[in-house]
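What follows is one structure encoded as structure tokens, with my remarks underneath.
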Amino acid sequence: MHLIASELTFSYPGRPVIRGVNVGISEGVRLGIVGENGSGKSTLLHLLAGDLTPSGGEIRRQGTIALVEQELHPEPGQTIGDLVQTALAGVRAASAALDEAVAAFDHESGDLAALQRALANVEHLAAWDADRRVDVALTRLGAPRDPALKLAELSVGQRFRVRLACRLAERSDLLLLDEPTNHLDDAAIAFLTTELAAWRGGVVVVTHDRELLDDVATAILDLDPSWDGKPVLYGQPGYLSYRFAKNQALHRWRQRYAAERQRAEKLAFRLDRTYEGLSDEWRPPKGSNKHRRQTGARIHVKAADRLVQKLEAEAIEVPVPPVELAFPDLPAASPDWDRSRPVIDLRSPRVGDRLDLPGTRIDITASGRLLITGPNGSGKSTLLAALGGAIKLDRGVREVIPGARIGVVRQESPRLAGPAAQRTGFKAYGEEALALLKTGELDPDLVVPIAALGLLSEEELDRPIGELSVGRRRRFELARALVHVPHVLLLDEPTNHLSIDLVDELTRALRVTPAAVVIATHDRRMRDELADWPRLELS
């Protein structure tokens with residue numbers, strides 16, 4: 001099998017996305033794709049899969065391809081069993097073709113080569129083991145296994161795990177994965193990592209999971225523009241090698257940009273001085289010949305023009321380097337608070353059959369830290385909702401210091417439809433701020449301007465939210481959590497759908513912010529970087 005993309009370009013109406021991508025995928029290649037949200041990672045996967053037609057360049061494919069997208073929108077009435085049968089259709093067809101070839105084979109005049117090809121295809125797909133592989137993958141990924149269950153009745157994470165299990169069992173020649181660890185716990189990630197490392201074909205994985213890149217990637221393609229505007233392929237395996245090389249490249253880029261800005265300022269200064277001389281410095285004494293004055297002016301103008309041409313010829317066009325996250329200065333407490341009291345105090349919470357912590361007290365103090373971990377279904381999201389007061393307790397007590405501001409980022413951004421999807425980011429952010437002002441949850445002197453955060457550009461904030469990519473909507477949700485300058489941040493899987501550059505920047509910011517921070521995460525690298533935080537392990 002192989003896939004070769006040459007000078008690949010793609011544009012949505014009025015918006016270029018992919019430019020000059022060159023990649024080659026063959027057996028044993030596991031390519032990680034990284035980049036800022038909106039840089040075209042998911043679009044590139046769809047181009048490689050053949051779901052989109054490139055605007056320029058070409059793609060040559062040989063072999064079968066399977067794509068696992070971030071979101072699965074099921075058809076009405078579609079069940080787990082339907083998804084399994086669709087995924088294994090190729091395996092079933094290969095087995096049927098072999099049975100037919102064997103039954104029709106004439107030992108005297110039959111085409112032995114054709115029979116051998118049919119047998120090789122069945123062996124390559126391990127067709128006899130397909131049903132067991134599906135069952136094992138569903139179990140190891142923590143997905144529901146009842147074939148009668150309707151996909152529409154499952155959570156986003158459950159649907160994703162079902163689709164992923166089916167694709168792994170399908171054994172296509174090229175596996176394309178879009179953020180595969182977003183909905184997986186540690187055990188499921190370990191299973192996926194083993195499967196990818198042993199994959200017999202090629203793998204292309206879009207991911208923000210730095211640990212996964214370290215474990216499986218043989219090369220990394222960064223879709224963020226470099227100083228020359230083109231994607232960069234880093235040929236060394238692993239995230240740390242990539243991070244070091246990219247940091248060096250960014251350092252050189254910023255140096256060149258700073259040097260170019262200094263050169264531009266020097267040019268402007270010299271031109272100002274030169275043209276000022278046209279009216280002052282070159283003038284001969286009063287009463288001199290007027291023709292001499294005119295000749296001197298022409299000579300001086302020509303000299304200034306030559307200087308402009310010389311300096312402009314030496315100029316190097318260097319684009320503005322990427323903007324870094326500008327995390328706001330959040331407060332630890334209000335001046336009138338009793339600092340001995342916790343900001344949030346939650347005791348013995350129980351919520352239906354989703355969370356039950358008898359005898360457990362979770363007190364979040366000013367500038368406190370808490371890391372919540374545990375497998376899928378252990379109640380991490382429910383506990384965060386209970387801490388934030390977004391869910392009713394069947395048992396337990398929640399107390400909050402009056403006036404405490406709480407910022408929340410949920411695990412999944414809400415699905416938008418109708419008028420809500422058509423609001424621009426600026427408008428939605430403004431409406432959020434006005435609503436908080438009316439309820440007294442926002443100090444008008446402490447509003448955080450969304451454009452100043454470095455999360456979304458002004459162009460993106462002027463677009464309808466429903467048109468933003470999953471990652472850009474995730475950035476918007478993070479911005480919304482910061483609008484009222486919270487004393488406490490409750491973050492549920494905060495690295496989901498974010499670029500790895502932003503994940504690194506966000507992790508550093510969360511370590512030093514004066515606000516209290518509670519994080520529930522499956523991100524292994526983030527957990528390692530926050531290993532000194534108090535931890536609550538749910539089971």
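Residues in the structure tokens are named by chain (A, B, ... in the order shown) and by number from 1 within that chain; ligands are numbered from 1 in the order shown.
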
Which residues in stretch 326-481 of chain A does DSSP call strand (DSSP E)? List them as a list of chain:residue names.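 DSSP on the backbone gives strand (DSSP E) at A:Ile344, A:Asp345, A:Leu346, A:Arg347, A:Ser348, A:Pro349, A:Arg350, A:Val351, A:Leu355, A:Asp356, A:Arg361, A:Ile362, A:Asp363, A:Ile364, A:Arg369, A:Leu370, A:Leu371, A:Ile372, A:Thr373, A:Arg395, A:Gly396, A:Val397, A:Arg398, A:Glu399, A:Val400, A:Ile406, A:Gly407, A:Val408, A:Val409.
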
Selection from above, C-alpha atoms, as a PDB file, in the first residue's frame, can you write it?
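Contents of the output file selection.pdb:
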ATOM      1  CA  ILE A 344     -16.124  25.839  47.334  1.00  0.00           C
ATOM      2  CA  ASP A 345     -16.903  23.172  49.927  1.00  0.00           C
ATOM      3  CA  LEU A 346     -18.549  19.944  48.709  1.00  0.00           C
ATOM      4  CA  ARG A 347     -19.296  17.108  51.134  1.00  0.00           C
ATOM      5  CA  SER A 348     -20.510  13.543  50.534  1.00  0.00           C
ATOM      6  CA  PRO A 349     -21.952  14.202  47.070  1.00  0.00           C
ATOM      7  CA  ARG A 350     -24.214  11.701  45.336  1.00  0.00           C
ATOM      8  CA  VAL A 351     -25.863  12.175  41.950  1.00  0.00           C
ATOM      9  CA  LEU A 355     -21.406   9.724  41.453  1.00  0.00           C
ATOM     10  CA  ASP A 356     -21.364   8.550  45.046  1.00  0.00           C
ATOM     11  CA  ARG A 361     -15.056  16.332  51.531  1.00  0.00           C
ATOM     12  CA  ILE A 362     -13.695  18.359  48.613  1.00  0.00           C
ATOM     13  CA  ASP A 363     -12.750  21.862  49.662  1.00  0.00           C
ATOM     14  CA  ILE A 364     -11.290  24.221  47.088  1.00  0.00           C
ATOM     15  CA  ARG A 369      -5.270  23.007  43.080  1.00  0.00           C
ATOM     16  CA  LEU A 370      -6.954  19.644  42.448  1.00  0.00           C
ATOM     17  CA  LEU A 371      -6.405  17.023  39.757  1.00  0.00           C
ATOM     18  CA  ILE A 372      -9.282  14.574  39.257  1.00  0.00           C
ATOM     19  CA  THR A 373      -8.474  11.299  37.521  1.00  0.00           C
ATOM     20  CA  ARG A 395     -27.255  13.791  48.776  1.00  0.00           C
ATOM     21  CA  GLY A 396     -24.555  16.016  50.165  1.00  0.00           C
ATOM     22  CA  VAL A 397     -23.890  19.683  50.794  1.00  0.00           C
ATOM     23  CA  ARG A 398     -22.313  22.352  48.602  1.00  0.00           C
ATOM     24  CA  GLU A 399     -21.294  25.709  50.033  1.00  0.00           C
ATOM     25  CA  VAL A 400     -19.728  28.601  48.119  1.00  0.00           C
ATOM     26  CA  ILE A 406     -16.525  30.275  38.798  1.00  0.00           C
ATOM     27  CA  GLY A 407     -15.369  29.664  35.234  1.00  0.00           C
ATOM     28  CA  VAL A 408     -16.297  26.317  33.665  1.00  0.00           C
ATOM     29  CA  VAL A 409     -15.086  24.506  30.566  1.00  0.00           C
TER      30      VAL A 409
END

For A:Glu211, which residue among A:Leu149, A:Ala66, A:Ala198, A:Ile500 is the nearest when counting only C-alpha atoms? A:Ile500

When distances are computed from only C-alpha atoms, which of A:Ala87, A:Arg354, A:Thr218, A:Gln255 shows the smallest separation from A:Ala385? A:Arg354

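Of the listed residues A:Ala49, A:Leu393, A:Leu442, A:Gln422, the one whose atoms come nearest to A:Val483 is A:Leu442, with distances taken using only C-alpha atoms.
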
Please identify which residues in stretch 336-470 of chain A DSSP calls alpha helix (DSSP H) from the backbone, and express them as JSON, numbers by chain. {"A": [380, 381, 382, 383, 384, 385, 386, 387, 388, 419, 420, 421, 422, 425, 426, 427, 428, 429, 430, 431, 432, 433, 434, 435, 436, 437, 438, 458, 459, 460, 461, 470]}

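Among the candidates A:Ser155, A:Thr365, A:Gln85, A:Ser39, the residue lying nearest to A:Asp222 is A:Ser39 (atoms considered: only C-alpha atoms).
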
Find the spatial neighbours of stretch 96-99 of chain A, counting only C-alpha atoms, within a cut-off of 8 Å - ignore same-chain residues fewer than 6 positions away - and output them as a list in words. Leu115, Ala118, Leu119 and Val122 of chain A

Those selected residues, please, written with N, CA and C atoms and delivered as a CSV table (one decimal), in the first residue's frame.
chain,number,residue,atom,x,y,z
A,115,LEU,N,-6.6,-17.6,-7.3
A,115,LEU,CA,-7.0,-18.3,-6.1
A,115,LEU,C,-6.0,-17.8,-5.0
A,118,ALA,N,-6.8,-14.3,-3.8
A,118,ALA,CA,-8.0,-14.3,-2.9
A,118,ALA,C,-7.6,-14.8,-1.5
A,119,LEU,N,-6.8,-15.9,-1.5
A,119,LEU,CA,-6.4,-16.4,-0.2
A,119,LEU,C,-5.5,-15.4,0.6
A,122,VAL,N,-7.6,-12.7,2.2
A,122,VAL,CA,-8.3,-13.2,3.4
A,122,VAL,C,-7.3,-13.3,4.6

So that I can check the surroundings of stretch 165-173 of chain A, please list as a VMD selection string every protein, DNA and RNA residue that reaches within 7 Å of it, counting only C-alpha atoms and ignoring chain neighbours fewer than 6 positions away. chain A and resid 1 63 to 66 84 87 to 88 125 130 133 to 134 137 to 138 201 to 202

Write the residues of the selection above to a file with C-alpha atoms, as a tab-separated table (two decimals), in the first residue's frame.
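result32.tsv was written with the following content:
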chain	number	residue	atom	x	y	z
A	1	MET	CA	0.00	0.00	0.00
A	63	GLY	CA	-4.87	0.09	-0.86
A	64	THR	CA	-7.88	0.49	1.40
A	65	ILE	CA	-8.44	3.51	3.65
A	66	ALA	CA	-10.40	3.91	6.89
A	84	VAL	CA	-20.10	-3.27	12.91
A	87	ALA	CA	-17.10	-1.82	8.94
A	88	LEU	CA	-16.65	-5.55	8.29
A	125	LEU	CA	-7.44	-9.19	6.67
A	130	ALA	CA	-12.88	-10.36	12.52
A	133	ARG	CA	-11.41	-8.51	16.99
A	134	VAL	CA	-14.51	-6.30	17.10
A	137	ALA	CA	-11.74	-3.77	20.64
A	138	LEU	CA	-15.17	-2.75	21.97
A	201	GLY	CA	-0.14	-0.68	7.06
A	202	GLY	CA	0.29	3.06	7.43

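If only C-alpha atoms are the atoms counted, then among A:Arg473, A:Lys230, A:Arg463, A:His484 the closest residue to A:Asp443 is A:His484.
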
Kindly indicate which residue among A:Glu69, A:Asp504, A:Asp394, A:Glu432 lies nearest to A:Ala479, using only C-alpha atoms for the distances.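 Of all the options, A:Glu432 lies closest to A:Ala479.
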
When you look at A:Pro231 with a cut-off of 12 Å (counting only C-alpha atoms), what residues show up, excluding the ones that are within fewer than 3 positions of it in the same chain? I need them as a ChimeraX atom specification. /A:7-9,17-23,33-36,39-41,44,220-228,234,246

Atom CA of A:Ala197 and atom CA of A:Arg117, how far apart in Å? 26.6 Å

Tell me which protein, DNA and RNA residues are within 8 Å of A:Gly374, counting only C-alpha atoms, leaving out same-chain ones fewer than 2 positions away, and put them as a ChimeraX atom specification. /A:185,372,376,378,380,522,537-539

Saved selection, atoms kept: N, CA and C atoms, as an mmCIF file, in the first residue's frame:
data_model
loop_
_atom_site.group_PDB
_atom_site.id
_atom_site.type_symbol
_atom_site.label_atom_id
_atom_site.label_comp_id
_atom_site.auth_asym_id
_atom_site.auth_seq_id
_atom_site.Cartn_x
_atom_site.Cartn_y
_atom_site.Cartn_z
ATOM 1 N N ASP A 185 -9.856 6.539 28.196
ATOM 2 C CA ASP A 185 -9.144 6.574 29.462
ATOM 3 C C ASP A 185 -7.797 5.879 29.298
ATOM 4 N N ILE A 372 -8.336 15.680 39.142
ATOM 5 C CA ILE A 372 -9.282 14.574 39.257
ATOM 6 C C ILE A 372 -9.012 13.574 38.143
ATOM 7 N N ASN A 376 -13.125 6.215 32.331
ATOM 8 C CA ASN A 376 -14.407 6.695 31.802
ATOM 9 C C ASN A 376 -15.549 6.099 32.609
ATOM 10 N N SER A 378 -16.367 6.991 35.649
ATOM 11 C CA SER A 378 -16.137 7.009 37.098
ATOM 12 C C SER A 378 -16.765 8.227 37.769
ATOM 13 N N LYS A 380 -16.097 11.740 36.808
ATOM 14 C CA LYS A 380 -15.276 12.962 36.827
ATOM 15 C C LYS A 380 -16.086 14.177 36.378
ATOM 16 N N HIS A 522 -7.615 13.105 31.100
ATOM 17 C CA HIS A 522 -6.982 11.842 30.774
ATOM 18 C C HIS A 522 -5.637 12.076 30.104
ATOM 19 N N GLU A 537 -8.551 10.391 42.959
ATOM 20 C CA GLU A 537 -8.717 9.290 42.009
ATOM 21 C C GLU A 537 -10.093 8.667 42.203
ATOM 22 N N LEU A 538 -10.904 8.709 41.151
ATOM 23 C CA LEU A 538 -12.224 8.087 41.183
ATOM 24 C C LEU A 538 -12.147 6.711 40.547
ATOM 25 N N SER A 539 -13.006 5.826 40.972
ATOM 26 C CA SER A 539 -12.975 4.464 40.423
ATOM 27 C C SER A 539 -14.380 4.048 39.990
#
